[in-house]
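Q: The structure follows.
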Amino acid sequence: MGDSSENRDVGGEVSRLVEQAKELQDCAAALISRTSREEDALRLRVASFDSRISSLRNTQHANRLDGELIRAKYILSEGDAAAFLPSKSHGRFLRMFLGPINVRANRKDVQLKVKEEYNNFRDRTAYLFLFFPSLLLMLRSWVWDGCLPALPVQLYQAWLLYLYTGLALRENILRVNGSDIRPWWIKHHYCAMAMALISLTWEIETGPDCAQKQTGIQLFLKWAIMQGVAMILQNRYQRQRLYTRIALGKARRMDVVWGETAGVQGQLLLLCPILFVLQGFEAYVGVLLLKTALAGFISEWQVITCGILLIIMAVGNFANTVQTLVTKSQVKARMRGRTRQDVDQ
Amino acid sequence: MGDSRDDRVAGDEIARLVEQAKELQDAAAALISHTSREEDALRQRVASLDSHIQSLRNSKHDDKLDVELIKARYILSEGDAAAFLPSKSHGRFLRMFLGPINVRANRKDVQLKVKEEYNKFRDRTSFLFLFFPSLLLMLRSWIWDGCLPALPVQLYQAWLLYLYTGLALRENILRVNGSDIRPWWIKHHYCAMAMALISLTWEIERGPDCAQKQRGVQLFLKWAIMQGVAMILQNRYQRQRLYTRIALGKARRMDVVWGETAGVEGQLLLLCPILFILQGFEAYVGVLLLKTALAGFISEWQVITCGILLIIMAVGNFANTVQTLATKSRVKAKIKRGRSRQELSQGSNGNSS
C-alpha cells in the first residue's frame, strides 16, 4: 500500500516534469523567435545606416565632413551596435576546418576579449618562438658537436605548425568579429604553415659532414629566431593600441578611439625600421637557401620551396608594412588638417 | 554662396547621422541587455528542471518511471530549449586552436545543421580516404616498379593531417553543441593526427631494396584503406539516425526521437561485425609494424611509435564499440520492459473495470 502510493506520488511528479519540459520547450521557441525578430529589425536599421554613410563618403573627400562621417562610423563599430553590422563571410579557411559554425561573437565586449586573448596567446608563444631555436642552436655548438639530432628539430617544427595553424584560425575569427586585419598578414601565416609542414618532411642528415648538410636547417632556425623578435615587437605595439581602445570603449568615447589609434604614433616609427631590417634578413635567408640548393649540396625540393616561400613572405611583409605606414600618415595628416580648420573657424 | 549652402546642408545631414549613430548605439545596448536578462532567466529554469530530472533518476524508481524521465530529458534536449541547457566546457583542444570564442550555436536547428554538415564532410572525405592510398598502391605496382616516390606519399600524409585536425575540431564543436559523442572517438582522432604527423617525418627510402625498406609505409597505406572503409560504413549508419532525428524534430516529436534512435537497430547489428574485423586488422598492422621494427630492417622511432599508436587505437575502438552496443541493448530492453508492463497494467485495469 505504502509502496504503491509512493510510486503514484513519484509517478505524478514525473508526469508533471514531462509537462514542465513541454512548457519550457514552448517558452524557448517563443523567446528565440521574438529575439530573432528584434535583432533582425535592428540589423536592418544598422545596415541601411552603414550604407548611407558609405555612399556619403563617396561624395566627400578628405575634408572636415569626411572626418565627421568616419566618426559616425566608429561610433557604430566600436560600441554595442557593432554586433549588428553586416558580417563578413567566414571564408574558406574557417569553413575547411570548422564547418559552418558561426564564430562571430554577438557582443562587442566579447569581441574585444577575443582580441585580448589573441594578444596574450601571441605573447606567450613569441618567447617560446625565440627560445626554442636559440636553445637548439646553442646545444648544437656545446653538446652535439655541430650536428643537430633529428627528433628535437622535428618536435620544434611540429610545434611551429600547431602555432601557425592556431594563429591563422584565430586571426580569421578576429576578422569575422570586425577586426580590420590586413588580409596579407593572414596569408603570411598560411605561407608559414606551409613552411613548417614542408620542413617536417625535410630529412635531417646526421653523419660526418652534417655541418655542411644541415646548412638548410640552421638557416631555418635563424629565420625562426628573427620571426620571434619581430613578433615580440609587434605584440608590444598592438597591446598598447588595444588597451587604449578598451579604456575608451569603457568610457563610451568611441569617437575618440578613432583619433587615438588611427594615427601614426611614435612607437610605430620606432618599430618600422627594425621590421624592415628583419624583413631584409628574411629575404636574405631565402636567397641563401636557394643558393645552397643550386650549388648542389642539398638539392631537395624542400630547400627550393622554402627559399621561395621565404622570399615571398619577406617581400609581402615589406610591401604591407609600407602601405600601413602610408595609410596611417594620411589619416594623421587629415586629422591635423581638420584641427587646423577648427582653429581657423 | 551656392557652395557654402550645399556644404551647410551636407553638414546638417552628417550631424544628424552622428546623432542617429548614437541612437543606434543606445538601442543596441538596450536590446543586448534585455535579451541577456530574458535568456538568463530561461537558462535558470531549464537548468533547475534538468537537475531535478537528474536527481529523480538517481533515486529509487522502477523502469517505467525511468523511461518517462528520459523522455522528459529528450524533450528538453531535442527541441528549442536545448540552446539553454547548461553548456559543457569547450575543452583544451578548442581553446588551444581557437581561443575563447564561443562555438555553441544558440538555436537547435543550427545545431542540427552543424551535425548535418559534419556528416557531409565525412562523406566527402571518406571516399578520398579510400581512393588516394588505393591509387598510390596501384601505381606502385604498375608504374613505379615497386617503389613509392616520396612526394605523393607526403602530400597524402599532409592531407590526412588536415583531415584529422578538421574532424577533431568539428567533433569538439559538436560536443559543445549538445551531441553525446563518446569522448573516445575524439581521442581516437587525436591519435590519428599524431600518426599522420609522425608519418610525415618518416624517411621514404629510395634505392634498390626499397620494397623491403618501404614496408612500413605500405602497411600505413593499407591501414588508411581500412579506415576509409570503416568511415564509409559508419557514415551510412549515422546519416540514417540523423535524418530520423531531423524529421521527428520538425514534427516536434522529440520524445519519439529517443525511442527511435536510442535502441539497437538492425543496421547496427550488421555494422558491428564488420567494424570488429577492421579493428582486428588495425591491431594486426600495428603488431606487424612492431615486428618490422624489432626485426631490425627499419629501426626508426617512427615505426615503433606508429605501431604502438595503432594497437592503442584498435583496442580503444573495439572496447568502445562493445560498450556502445551494450548500452543500446540495455536501453532497448528497458523500453520493451516499460512498454510491456504498461500494456499489462492497462490490460488488468481494463479487466477489473
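Residue names in the C-alpha cells use chain letters A, B, ... in the order shown, residue numbers from 1 in each chain, and ligand numbers from 1 in the order shown.
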Kindly provide, as a ChimeraX atom specification, the residues of chain B having any atom no farther than 7 Å from an atom of chain A, counting only C-alpha atoms.
A: /B:11,14,17-18,21-22,24-25,28-29,35,65,68-69,72,75-76,79-81,97-103,114,117,166,169-170,200-201,203
Q: Which residues, written as number ranges by chain, have at least one atom at most 12 Å from A:Leu148, with only C-alpha atoms counted and residues fewer than 4 positions away on the same chain left out?
A: A: 133, 135-144, 152-154, 203-218, 221
Q: Considering only C-alpha atoms, return as a list in words whatever protein or nucleic-acid residues lie within 8 Å of stretch 185-197 of chain B, sequence-local ones (same chain, fewer than 3 positions apart) excluded.
A: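 Listed by chain and then number, they are Ala158 of chain A; Gln157, Ala158, Leu160, Leu161, Tyr164, Thr165, Leu167, Ala168, Glu171, Asn172, Ile181, Arg182, Leu200, Thr201, Cys306, Leu309, Met313, Gly316 and Asn317 of chain B.
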Q: Taking the backbone alone, and naming residues the way the document does, which bits of stretch 7-150 of chain B are alpha helix (DSSP H) by DSSP, as an MDAnalysis selection string?
A: chainID B and resid 7:58 63:78 92:98 108:142 150
Q: Quick one: write out the picked residues with C-alpha atoms as an mmCIF file, in the first residue's frame?
A:
```cif
data_model
loop_
_atom_site.group_PDB
_atom_site.id
_atom_site.type_symbol
_atom_site.label_atom_id
_atom_site.label_comp_id
_atom_site.auth_asym_id
_atom_site.auth_seq_id
_atom_site.Cartn_x
_atom_site.Cartn_y
_atom_site.Cartn_z
ATOM 1 C CA ASP B 7 28.116 72.472 -47.515
ATOM 2 C CA ARG B 8 25.749 73.555 -44.772
ATOM 3 C CA VAL B 9 23.068 71.130 -45.964
ATOM 4 C CA ALA B 10 25.574 68.314 -46.110
ATOM 5 C CA GLY B 11 26.961 69.334 -42.732
ATOM 6 C CA ASP B 12 23.484 69.227 -41.204
ATOM 7 C CA GLU B 13 22.773 65.827 -42.631
ATOM 8 C CA ILE B 14 26.025 64.489 -41.308
ATOM 9 C CA ALA B 15 25.370 65.951 -37.875
ATOM 10 C CA ARG B 16 22.005 64.149 -37.963
ATOM 11 C CA LEU B 17 23.796 60.954 -38.925
ATOM 12 C CA VAL B 18 26.127 61.272 -35.950
ATOM 13 C CA GLU B 19 23.086 61.637 -33.717
ATOM 14 C CA GLN B 20 21.473 58.602 -35.331
ATOM 15 C CA ALA B 21 24.642 56.612 -34.734
ATOM 16 C CA LYS B 22 24.444 57.402 -31.036
ATOM 17 C CA GLU B 23 20.770 56.408 -31.050
ATOM 18 C CA LEU B 24 21.547 53.089 -32.713
ATOM 19 C CA GLN B 25 24.313 52.523 -30.187
ATOM 20 C CA ASP B 26 21.838 53.021 -27.340
ATOM 21 C CA ALA B 27 19.191 50.842 -28.993
ATOM 22 C CA ALA B 28 21.736 48.065 -29.459
ATOM 23 C CA ALA B 29 22.910 48.287 -25.843
ATOM 24 C CA ALA B 30 19.311 48.165 -24.608
ATOM 25 C CA LEU B 31 18.423 45.190 -26.828
ATOM 26 C CA ILE B 32 21.503 43.248 -25.776
ATOM 27 C CA SER B 33 20.889 43.720 -22.048
ATOM 28 C CA HIS B 34 17.142 42.999 -22.372
ATOM 29 C CA THR B 35 17.828 39.794 -24.333
ATOM 30 C CA SER B 36 20.538 38.703 -21.889
ATOM 31 C CA ARG B 37 18.168 39.072 -18.961
ATOM 32 C CA GLU B 38 15.421 37.012 -20.601
ATOM 33 C CA GLU B 39 17.835 34.345 -21.781
ATOM 34 C CA ASP B 40 19.452 34.066 -18.349
ATOM 35 C CA ALA B 41 16.039 33.654 -16.706
ATOM 36 C CA LEU B 42 15.128 30.871 -19.128
ATOM 37 C CA ARG B 43 18.528 29.263 -18.620
ATOM 38 C CA GLN B 44 17.943 29.108 -14.901
ATOM 39 C CA ARG B 45 14.560 27.438 -15.325
ATOM 40 C CA VAL B 46 15.959 24.892 -17.771
ATOM 41 C CA ALA B 47 18.946 24.180 -15.524
ATOM 42 C CA SER B 48 16.774 23.616 -12.456
ATOM 43 C CA LEU B 49 14.412 21.291 -14.375
ATOM 44 C CA ASP B 50 17.413 19.412 -15.718
ATOM 45 C CA SER B 51 18.934 18.886 -12.262
ATOM 46 C CA HIS B 52 15.506 17.882 -10.920
ATOM 47 C CA ILE B 53 15.290 15.192 -13.588
ATOM 48 C CA GLN B 54 18.836 14.049 -12.810
ATOM 49 C CA SER B 55 18.183 13.759 -9.069
ATOM 50 C CA LEU B 56 14.988 11.778 -9.626
ATOM 51 C CA ARG B 57 16.813 9.422 -11.955
ATOM 52 C CA ASN B 58 19.387 8.753 -9.270
ATOM 53 C CA ASP B 63 11.796 1.189 -15.159
ATOM 54 C CA LYS B 64 8.587 2.734 -16.424
ATOM 55 C CA LEU B 65 9.241 5.951 -14.477
ATOM 56 C CA ASP B 66 12.842 5.956 -15.637
ATOM 57 C CA VAL B 67 11.629 5.766 -19.224
ATOM 58 C CA GLU B 68 9.329 8.734 -18.605
ATOM 59 C CA LEU B 69 12.199 10.704 -17.092
ATOM 60 C CA ILE B 70 14.405 10.005 -20.096
ATOM 61 C CA LYS B 71 11.537 11.093 -22.297
ATOM 62 C CA ALA B 72 11.298 14.399 -20.417
ATOM 63 C CA ARG B 73 15.031 14.962 -20.800
ATOM 64 C CA TYR B 74 14.812 14.305 -24.527
ATOM 65 C CA ILE B 75 12.010 16.823 -24.922
ATOM 66 C CA LEU B 76 14.434 19.330 -23.420
ATOM 67 C CA SER B 77 17.497 18.312 -25.372
ATOM 68 C CA GLU B 78 15.977 17.775 -28.813
ATOM 69 C CA ARG B 92 41.516 22.315 -24.051
ATOM 70 C CA PHE B 93 41.713 21.321 -27.702
ATOM 71 C CA LEU B 94 39.286 24.001 -28.897
ATOM 72 C CA ARG B 95 40.873 26.608 -26.678
ATOM 73 C CA MET B 96 44.343 25.685 -27.934
ATOM 74 C CA PHE B 97 43.389 26.324 -31.553
ATOM 75 C CA LEU B 98 40.551 28.836 -31.445
ATOM 76 C CA LYS B 108 18.660 23.873 -32.070
ATOM 77 C CA ASP B 109 18.107 23.908 -35.824
ATOM 78 C CA VAL B 110 21.577 25.405 -36.317
ATOM 79 C CA GLN B 111 22.997 22.683 -34.076
ATOM 80 C CA LEU B 112 21.389 20.024 -36.254
ATOM 81 C CA LYS B 113 22.670 21.789 -39.374
ATOM 82 C CA VAL B 114 26.195 21.651 -37.941
ATOM 83 C CA LYS B 115 25.817 17.903 -37.440
ATOM 84 C CA GLU B 116 24.460 17.518 -40.959
ATOM 85 C CA GLU B 117 27.426 19.370 -42.422
ATOM 86 C CA TYR B 118 29.769 17.206 -40.329
ATOM 87 C CA ASN B 119 28.249 14.080 -41.852
ATOM 88 C CA LYS B 120 28.586 15.526 -45.364
ATOM 89 C CA PHE B 121 32.224 16.373 -44.644
ATOM 90 C CA ARG B 122 32.852 12.800 -43.553
ATOM 91 C CA ASP B 123 31.090 11.521 -46.653
ATOM 92 C CA ARG B 124 33.187 13.627 -48.994
ATOM 93 C CA THR B 125 36.421 12.736 -47.323
ATOM 94 C CA SER B 126 35.831 9.045 -46.704
ATOM 95 C CA PHE B 127 35.819 8.301 -50.418
ATOM 96 C CA LEU B 128 39.017 10.292 -50.895
ATOM 97 C CA PHE B 129 40.381 8.479 -47.847
ATOM 98 C CA LEU B 130 39.840 5.205 -49.638
ATOM 99 C CA PHE B 131 40.767 6.386 -53.111
ATOM 100 C CA PHE B 132 44.166 8.027 -52.553
ATOM 101 C CA PRO B 133 46.033 5.185 -50.849
ATOM 102 C CA SER B 134 44.475 2.638 -53.216
ATOM 103 C CA LEU B 135 45.698 4.766 -56.113
ATOM 104 C CA LEU B 136 49.170 5.030 -54.597
ATOM 105 C CA LEU B 137 49.421 1.281 -54.060
ATOM 106 C CA MET B 138 48.137 0.529 -57.564
ATOM 107 C CA LEU B 139 50.527 2.992 -59.182
ATOM 108 C CA ARG B 140 53.280 1.397 -57.161
ATOM 109 C CA SER B 141 52.637 -1.992 -58.772
ATOM 110 C CA TRP B 142 52.015 -0.712 -62.287
ATOM 111 C CA ALA B 150 58.361 10.387 -51.600
#
```
Q: Would you kindly return, as number ranges by chain, each protein, DNA or RNA residue with an atom no farther than 7 Å from any atom of A:Ile304, considering only C-alpha atoms and excluding same-chain residues fewer than 5 positions away?
A: A: 289-290, 293
Q: Quote the spacing between atom CA of B:Phe318 and atom CA of B:Gly280 in Å to one decimal place.
A: 8.4 Å
